Each structure stands twice: as C-alpha cells, then as structure tokens.
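This report concerns only the one structure given below.
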Amino acid sequence: MKASASPARSSPHTPRVGTLSAPDAAFAQSPLGQALMHVLGSGSASQRQIADYLLRNQMRVTALGIEELADSCEVSTATISRFARDIGQKNYSAMRGAMAETLQSLLQPVDKLRRTIERRARATSPVTESLEYAAANIAATSDALSPPAVQAVVRRLTRAKVVYVMGFGLSANLAGMLVQHLQPFCPHVVEVVGIGGSEVAAGHLVNLTAQDVLVVISFPRYTLDCIGLASFARDRGACIVALTDSPASPLAELADHALFAQSTHPVLPSSASTALAMIEALAVALMVSNKDNVDKAARLSEVIAAYLYGGEHGVQAPRKTAAQQRKAVHKKQSL
C-alpha cells in the first residue's frame with residue numbers, strides 16, 4: 001500500500017479483546033493476532049507469507065494438517081514448525097490449537113450475546129456499554145491515525161475525474177453519507193451500490209478508468225461482492241481507497257490507501273460509529289484543503305439556506321398553515 005493509517009495501538013480506554021470483542025477482524029487484535037501482525041511487518045519473506053495466510057484463513061487453518069498448510073503457503077513443513085516456535089508456540093499443533101481457542105472466544109456472536117445478557121443484572125447497562133465501546137473505538141482510532149495518510153487520500157479525491165463510493169449491507173449507509181459529503185467538492189461522485197445491489201454496482205464500475213478513485217467501505221462481516229468489485233477496479237488501474245477496520249481486512253491488500261476505523265463491539269458483528277466519525281473527518285480535511293473548497297462550502301450554505309426552516313422557502317413559523325404556504329408559492333410563481 002502506498003499510504004495508510006497504522007493499526008490501532010493499545011489505549012487505556014480500549015476494551016480488552018480477550019473478554020469482549022468483535023468477531024472476525026478482532027482476531028488480528030488478539031495476542032496471537034498481534035504476534036502474526038508483527039511477523040507480517042518485519043519477518044522474512046517466508047514468514048510473512050505464512051503470517052498473511054494465517055491472518056486471512058484463521059478458521060480454515062484450524063482444520064489443516066502441517067503438510068496441507070505448508071502446501072498452501074508454498075513452504076516446507078520444517079519452515080512451518082520454525083514459524084510456530086518463533087511466535088512462541090511449542091510446535092505446529094500448539095499453534096493450531098491456540099488459533100482455535102482464540103477463534104472460539106472471538107468469533108461466536110451468539111455466545112457473546114448470551115454472555116452480555118447474563119451480565120446485565122450485575123454490570124453496566126448494554127446501552128451504556130455500547131456507547132462506551134463507541135467512545136473507546138474513536139479514541140483508539142484517533143490515536144493511531146496518520147494525518148499524512150488522510151492528506152494523501154484527500155489529494156487523490158481532489159485530482160480524480162470521477163469518485164466512486166461503494167459499500168454493501170450496513171456499509172451502504174456509510175457510503176451514502178460519504179457521497180453526500182463529497183458531492184459539493186468533487187467534480188463527479190457516483191454512489192456505486194445504492195438500492196440496486198451487485199448488478200447495478202458492476203454496471204457503474206464498467207466505465208471506471210485509471211483517472212478515477214474507488215472508495216470501498218467494508219467492515220466485518222466482509223461481503224464477497226465488495227472484494228470482487230474492488231479487485232476489478234484495481235485491475236482497471238483505478239486508485240483504491242479502503243475504509244475498513246484492520247490491516248487484516250481483505251480490503252487492505254487491495255488498497256492504494258487504507259484508513260482504519262476500529263469497529264470492536266460487545267454484541268454487534270462490528271460498530272459503524274468510528275467509520276462515520278472517520279467519514280466526517282475526511283470530509284472536513286477535504287473542505288479545508290484549499291481555498292476553493294472553502295468558497296464552495298460558503299456558496300452551498302447560501303444556496304440551501306433559503307430552503308431550511310425559517311428560510312425564504314421554508315416554514316416561517318410553526319403556525320403557518322399549508323394553505324398559506326401554497327398561496328405564497330403561487331404568488332412567487334406569478335411574479
């Protein structure tokens with residue numbers, strides 16, 4: 001990747017992953033996952049290859065023998081054994097067992113929900129706990145954020161001929177929010193999915209070129225269509241900007257620029273609160289990036305002011321009736 005925000009560092013406000021954490025990508029934040037992330041960043045070529053495979057295929061690895069894993073990683077069984085010892089495990093069997101144990105604690109939303117319900121009578125309310133997780137996620141993401149990474153994304157958005165924004169499922173709502181923020185400041189913004197689903201999304205991306213930017217938003221659980229269409233866009237030469245939760249996300253490998261928003265939650269598969277905060281932060285960074293955008297923001301405010309409550313076309317007071325409003329519109333049309 002050309003530029004990215006670093007993965008979230010530990011924070012005193014960050015929930016302990018071992019007790020309550022989001023499924024799937026939370027594996028990368030577990031002690032075992034962190035060991036693999038360290039190897040991924042600083043290990044030898046064969047070590048990085050093994051670490052990458054383990055991070056992306058956690059569930060599958062728990063069912064693989066050492067020979068099968070060696071074949072999948074294109075290394076020897078001896079290399080797999082050394083790798084296990086290098087990350088603090090006695091042997092491959094112990095490493096596989098540690099992965100299974102970690103996954104069992106992290107990737108069972110139903111069991112997580114049951115534990116949450118059991119704690120309600122003796123712990124903080126689930127509402128309070130959810131809000132606390134949102135605050136902790138935002139704080140951890142802010143601590144780890146790289147301002148140069150954000151500025152690099154802003155520059156690519158500014159230069160893009162067309163900015164495409166794609167998100168499926170709950171991420172579709174985040175994509176729509178980002179589109180609303182970008183439209184006043186980018187020449188052409190396209191919401192790829194909208195209400196049309198995968199076929200409409202594919203149709204939008206057919207005309208994508210190397211002059212364009214595709215912003216892909218995806219959080220656990222990741223959708224196959226999102227990954228497939230992002231791969232298509234990369235093959236077309238477009239710049240890929242990923243807004244996702246972790247360097248272990250399948251989008252991270254596809255992206256030219258990645259912004260990570262921590263999404264840990266005690267009950268939900270992932271929380272979108274930090275992603276929304278990141279979208280707003282990115283929009284602000286774009287708005288203040290040059291004087292032209294500041295002027296555009298001022299003009300936009302002037303244009304829409306008349307249509308807001310109390311404006312020229314809006315409701316003048318709570319007591320104004322619908323008939324009075326229609327009369328005012330007809331009068332304006334006759335002028």
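So you can find residues: chains in the structure tokens are A, B, ... in the order shown, residues in each start at 1, and ligands are numbered from 1 in order.
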Backbone DSSP call of strand (DSSP E) for region 71-255 of chain A, listed as a list in words: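 So, restricting region 71-255 of chain A to strand (DSSP E), we get Val163, Tyr164, Val165, Met166, Gly167, Val189, Val190, Glu191, Val213, Leu214, Val215, Val216, Ile217, Cys239, Ile240, Val241, Ala242, Leu243 and Thr244 of chain A.
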Once you have the residues from the selection above, write them out as a compact mmCIF listing (two decimals), in the first residue's frame, restricted to C-alpha atoms.
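Okay, this is what ended up in again34.txt:
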```
# COMPACT_ATOMS: atom_id res chain seq x y z
CA VAL A 163 -15.01 9.37 -7.39
CA TYR A 164 -16.90 6.10 -6.96
CA VAL A 165 -18.05 5.14 -3.46
CA MET A 166 -19.03 1.54 -2.73
CA GLY A 167 -20.44 -0.18 0.34
CA VAL A 189 -19.30 11.46 -7.40
CA VAL A 190 -21.08 8.15 -8.02
CA GLU A 191 -22.71 6.00 -5.33
CA VAL A 213 -10.87 6.75 -7.44
CA LEU A 214 -12.94 4.00 -5.87
CA VAL A 215 -13.61 4.39 -2.15
CA VAL A 216 -14.54 0.98 -0.75
CA ILE A 217 -16.17 0.72 2.68
CA CYS A 239 -6.91 4.22 -7.26
CA ILE A 240 -8.44 2.19 -4.43
CA VAL A 241 -9.13 3.86 -1.09
CA ALA A 242 -10.31 1.45 1.61
CA LEU A 243 -12.18 2.42 4.75
CA THR A 244 -12.11 -0.72 6.85
```
What lies within 9 Å of Gln49 (chain A) using only C-alpha atoms, ignoring chain neighbours under 5 positions off, as a PDB file with N, CA, C and O atoms, in the first residue's frame?
```pdb
ATOM      1  N   LEU A  40       4.201 -10.189  10.066  1.00  0.00           N
ATOM      2  CA  LEU A  40       3.792  -9.684   8.757  1.00  0.00           C
ATOM      3  C   LEU A  40       4.532  -8.396   8.397  1.00  0.00           C
ATOM      4  O   LEU A  40       4.816  -8.128   7.235  1.00  0.00           O
ATOM      5  N   SER A  44      10.828 -12.512   7.680  1.00  0.00           N
ATOM      6  CA  SER A  44      11.397 -12.859   6.379  1.00  0.00           C
ATOM      7  C   SER A  44      10.278 -13.086   5.370  1.00  0.00           C
ATOM      8  O   SER A  44       9.092 -13.101   5.726  1.00  0.00           O
ATOM      9  N   LEU A  54      -2.254 -17.146   7.612  1.00  0.00           N
ATOM     10  CA  LEU A  54      -2.942 -17.418   8.873  1.00  0.00           C
ATOM     11  C   LEU A  54      -3.942 -16.316   9.216  1.00  0.00           C
ATOM     12  O   LEU A  54      -5.042 -16.598   9.704  1.00  0.00           O
ATOM     13  N   CYS A  73       0.985 -22.472   1.737  1.00  0.00           N
ATOM     14  CA  CYS A  73       1.902 -21.332   1.867  1.00  0.00           C
ATOM     15  C   CYS A  73       3.120 -21.473   0.966  1.00  0.00           C
ATOM     16  O   CYS A  73       3.974 -20.565   0.930  1.00  0.00           O
ATOM     17  N   GLU A  74       3.236 -22.636   0.291  1.00  0.00           N
ATOM     18  CA  GLU A  74       4.366 -22.908  -0.619  1.00  0.00           C
ATOM     19  C   GLU A  74       5.700 -22.848   0.126  1.00  0.00           C
ATOM     20  O   GLU A  74       6.668 -22.227  -0.327  1.00  0.00           O
ATOM     21  N   VAL A  75       5.720 -23.457   1.321  1.00  0.00           N
ATOM     22  CA  VAL A  75       6.948 -23.575   2.102  1.00  0.00           C
ATOM     23  C   VAL A  75       7.049 -25.016   2.595  1.00  0.00           C
ATOM     24  O   VAL A  75       6.144 -25.824   2.399  1.00  0.00           O
TER      25      VAL A  75
END
```
Quick one: residues within 9 Å of Thr158 (chain A), only C-alpha atoms, excluding same-chain residues fewer than 4 positions away - as a PyMOL selection string? chain A and resi 153-154+185-187+286
When you look at Ala51 (chain A) with a cut-off of 8 Å (counting only C-alpha atoms), what residues show up, excluding the ones that are within fewer than 2 positions of it in the same chain? I need them as a ChimeraX atom specification. /A:36-37,39-40,47-49,53-55
Mind checking which residues fall within 12 Å of region 250-254 of chain A, counting only C-alpha atoms, ignoring those fewer than 5 positions away in the same chain, and posting them as an MDAnalysis selection string? chainID A and resid 1:7 24:25 52:53 55:57 167 214:235 237:245 259:260
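The smallest atom-to-atom distance between Ala135 (chain A) and any of A:Gln211, A:Ser263, A:Gln89, A:Ser289, using only C-alpha atoms, is found for A:Ser263.
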Please, which residues of region 170-294 of chain A, numbered as in this document, come out helix (DSSP H, G or I) from DSSP, as a short mmCIF file (atom, residue, chain, number, x, y, z; two decimals) with N, CA and C atoms, in the first residue's frame?
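The resulting result.cif:
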```cif
data_model
loop_
_atom_site.label_atom_id
_atom_site.label_comp_id
_atom_site.auth_asym_id
_atom_site.auth_seq_id
_atom_site.Cartn_x
_atom_site.Cartn_y
_atom_site.Cartn_z
N LEU A 170 -24.79 -2.85 5.67
CA LEU A 170 -24.78 -1.67 6.53
C LEU A 170 -23.79 -0.62 6.04
N SER A 171 -22.75 -1.07 5.35
CA SER A 171 -21.76 -0.12 4.83
C SER A 171 -22.34 0.72 3.69
N ALA A 172 -23.45 0.29 3.10
CA ALA A 172 -24.10 1.10 2.07
C ALA A 172 -24.58 2.42 2.65
N ASN A 173 -25.02 2.40 3.90
CA ASN A 173 -25.45 3.65 4.55
C ASN A 173 -24.26 4.59 4.75
N LEU A 174 -23.12 4.02 5.12
CA LEU A 174 -21.91 4.83 5.27
C LEU A 174 -21.47 5.40 3.92
N ALA A 175 -21.60 4.59 2.87
CA ALA A 175 -21.24 5.06 1.54
C ALA A 175 -22.12 6.24 1.13
N GLY A 176 -23.41 6.15 1.41
CA GLY A 176 -24.31 7.24 1.09
C GLY A 176 -23.95 8.52 1.83
N MET A 177 -23.56 8.38 3.08
CA MET A 177 -23.15 9.54 3.87
C MET A 177 -21.89 10.18 3.27
N LEU A 178 -20.93 9.36 2.88
CA LEU A 178 -19.70 9.90 2.29
C LEU A 178 -19.99 10.60 0.97
N VAL A 179 -20.87 10.02 0.17
CA VAL A 179 -21.25 10.66 -1.10
C VAL A 179 -21.82 12.05 -0.86
N GLN A 180 -22.69 12.19 0.12
CA GLN A 180 -23.28 13.49 0.43
C GLN A 180 -22.22 14.52 0.80
N HIS A 181 -21.21 14.08 1.52
CA HIS A 181 -20.14 14.99 1.93
C HIS A 181 -19.23 15.36 0.76
N LEU A 182 -19.01 14.42 -0.16
CA LEU A 182 -18.05 14.66 -1.24
C LEU A 182 -18.63 15.46 -2.40
N GLY A 197 -28.00 -3.05 -5.71
CA GLY A 197 -27.28 -4.28 -5.44
C GLY A 197 -26.09 -4.48 -6.35
N SER A 198 -25.63 -5.72 -6.42
CA SER A 198 -24.37 -6.05 -7.09
C SER A 198 -24.39 -5.77 -8.59
N GLU A 199 -25.51 -6.07 -9.25
CA GLU A 199 -25.57 -5.87 -10.70
C GLU A 199 -25.45 -4.40 -11.05
N VAL A 200 -26.14 -3.54 -10.32
CA VAL A 200 -26.05 -2.11 -10.57
C VAL A 200 -24.64 -1.61 -10.25
N ALA A 201 -24.06 -2.12 -9.17
CA ALA A 201 -22.70 -1.72 -8.81
C ALA A 201 -21.72 -2.08 -9.90
N ALA A 202 -21.83 -3.28 -10.44
CA ALA A 202 -20.94 -3.70 -11.53
C ALA A 202 -21.13 -2.82 -12.76
N GLY A 203 -22.40 -2.46 -13.03
CA GLY A 203 -22.67 -1.59 -14.17
C GLY A 203 -22.02 -0.22 -14.03
N HIS A 204 -22.04 0.34 -12.82
CA HIS A 204 -21.40 1.63 -12.59
C HIS A 204 -19.90 1.57 -12.82
N LEU A 205 -19.29 0.44 -12.44
CA LEU A 205 -17.84 0.35 -12.49
C LEU A 205 -17.29 -0.04 -13.86
N LEU A 224 -18.42 -10.73 -0.23
CA LEU A 224 -17.62 -11.18 -1.36
C LEU A 224 -17.73 -10.23 -2.55
N ASP A 225 -18.94 -9.68 -2.77
CA ASP A 225 -19.11 -8.76 -3.91
C ASP A 225 -18.22 -7.53 -3.76
N CYS A 226 -18.09 -7.04 -2.55
CA CYS A 226 -17.27 -5.87 -2.32
C CYS A 226 -15.81 -6.15 -2.67
N ILE A 227 -15.32 -7.31 -2.25
CA ILE A 227 -13.93 -7.68 -2.52
C ILE A 227 -13.73 -7.91 -4.02
N GLY A 228 -14.68 -8.61 -4.64
CA GLY A 228 -14.56 -8.90 -6.07
C GLY A 228 -14.57 -7.64 -6.93
N LEU A 229 -15.48 -6.72 -6.64
CA LEU A 229 -15.56 -5.49 -7.43
C LEU A 229 -14.37 -4.57 -7.17
N ALA A 230 -13.85 -4.58 -5.95
CA ALA A 230 -12.65 -3.80 -5.67
C ALA A 230 -11.46 -4.36 -6.45
N SER A 231 -11.38 -5.68 -6.57
CA SER A 231 -10.31 -6.29 -7.37
C SER A 231 -10.45 -5.90 -8.83
N PHE A 232 -11.68 -5.89 -9.32
CA PHE A 232 -11.93 -5.47 -10.71
C PHE A 232 -11.46 -4.04 -10.93
N ALA A 233 -11.80 -3.16 -9.99
CA ALA A 233 -11.41 -1.75 -10.12
C ALA A 233 -9.89 -1.59 -10.09
N ARG A 234 -9.23 -2.37 -9.26
CA ARG A 234 -7.77 -2.30 -9.22
C ARG A 234 -7.17 -2.76 -10.54
N ASP A 235 -7.74 -3.81 -11.11
CA ASP A 235 -7.25 -4.29 -12.40
C ASP A 235 -7.45 -3.26 -13.51
N PRO A 250 -9.52 -8.05 4.21
CA PRO A 250 -9.16 -8.40 2.83
C PRO A 250 -9.06 -7.19 1.91
N LEU A 251 -9.65 -6.06 2.32
CA LEU A 251 -9.54 -4.85 1.50
C LEU A 251 -8.17 -4.20 1.61
N ALA A 252 -7.48 -4.42 2.73
CA ALA A 252 -6.20 -3.74 2.95
C ALA A 252 -5.19 -4.08 1.87
N GLU A 253 -5.17 -5.33 1.45
CA GLU A 253 -4.21 -5.76 0.43
C GLU A 253 -4.52 -5.14 -0.93
N LEU A 254 -5.80 -4.85 -1.18
CA LEU A 254 -6.20 -4.31 -2.48
C LEU A 254 -6.00 -2.80 -2.59
N SER A 273 -19.82 3.33 14.31
CA SER A 273 -19.70 4.68 14.84
C SER A 273 -18.36 5.32 14.48
N THR A 274 -17.28 4.58 14.57
CA THR A 274 -15.97 5.14 14.24
C THR A 274 -15.84 5.39 12.74
N ALA A 275 -16.44 4.51 11.94
CA ALA A 275 -16.41 4.72 10.49
C ALA A 275 -17.10 6.02 10.12
N LEU A 276 -18.23 6.30 10.76
CA LEU A 276 -18.94 7.56 10.50
C LEU A 276 -18.09 8.74 10.93
N ALA A 277 -17.44 8.63 12.08
CA ALA A 277 -16.56 9.70 12.53
C ALA A 277 -15.41 9.91 11.56
N MET A 278 -14.88 8.82 11.00
CA MET A 278 -13.79 8.93 10.03
C MET A 278 -14.27 9.59 8.74
N ILE A 279 -15.49 9.28 8.32
CA ILE A 279 -16.06 9.91 7.13
C ILE A 279 -16.18 11.41 7.33
N GLU A 280 -16.67 11.82 8.49
CA GLU A 280 -16.79 13.25 8.77
C GLU A 280 -15.42 13.91 8.82
N ALA A 281 -14.45 13.23 9.41
CA ALA A 281 -13.09 13.80 9.49
C ALA A 281 -12.49 13.94 8.09
N LEU A 282 -12.71 12.95 7.24
CA LEU A 282 -12.21 13.02 5.87
C LEU A 282 -12.87 14.16 5.10
N ALA A 283 -14.18 14.33 5.31
CA ALA A 283 -14.90 15.41 4.65
C ALA A 283 -14.36 16.77 5.08
N VAL A 284 -14.09 16.92 6.36
CA VAL A 284 -13.54 18.18 6.87
C VAL A 284 -12.16 18.43 6.28
N ALA A 285 -11.33 17.38 6.24
CA ALA A 285 -9.99 17.53 5.68
C ALA A 285 -10.06 17.97 4.21
N LEU A 286 -11.03 17.43 3.47
CA LEU A 286 -11.21 17.82 2.08
C LEU A 286 -11.69 19.27 1.98
N MET A 287 -12.63 19.66 2.82
CA MET A 287 -13.19 21.01 2.77
C MET A 287 -12.13 22.08 3.01
N LYS A 291 -8.52 26.82 -0.71
CA LYS A 291 -9.43 27.97 -0.60
C LYS A 291 -10.68 27.78 -1.46
N ASP A 292 -10.54 27.14 -2.62
CA ASP A 292 -11.69 26.93 -3.49
C ASP A 292 -12.78 26.14 -2.79
N ASN A 293 -12.38 25.13 -2.02
CA ASN A 293 -13.38 24.33 -1.31
C ASN A 293 -14.07 25.12 -0.21
N VAL A 294 -13.34 26.01 0.43
CA VAL A 294 -13.95 26.88 1.44
C VAL A 294 -15.00 27.77 0.77
#
```
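With CA of Arg85 (chain A) on one side and CA of Ala100 (chain A) on the other, the separation reads 17.1 Å.
Taking CA of His188 (chain A) and CA of Leu208 (chain A) as endpoints, the distance between them is 12.3 Å.
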If you measure from CA of Val162 (chain A) to CA of Ser270 (chain A), what distance in Å do you get, rounded to one decimal?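 Here the two named atoms are 29.7 Å from each other.
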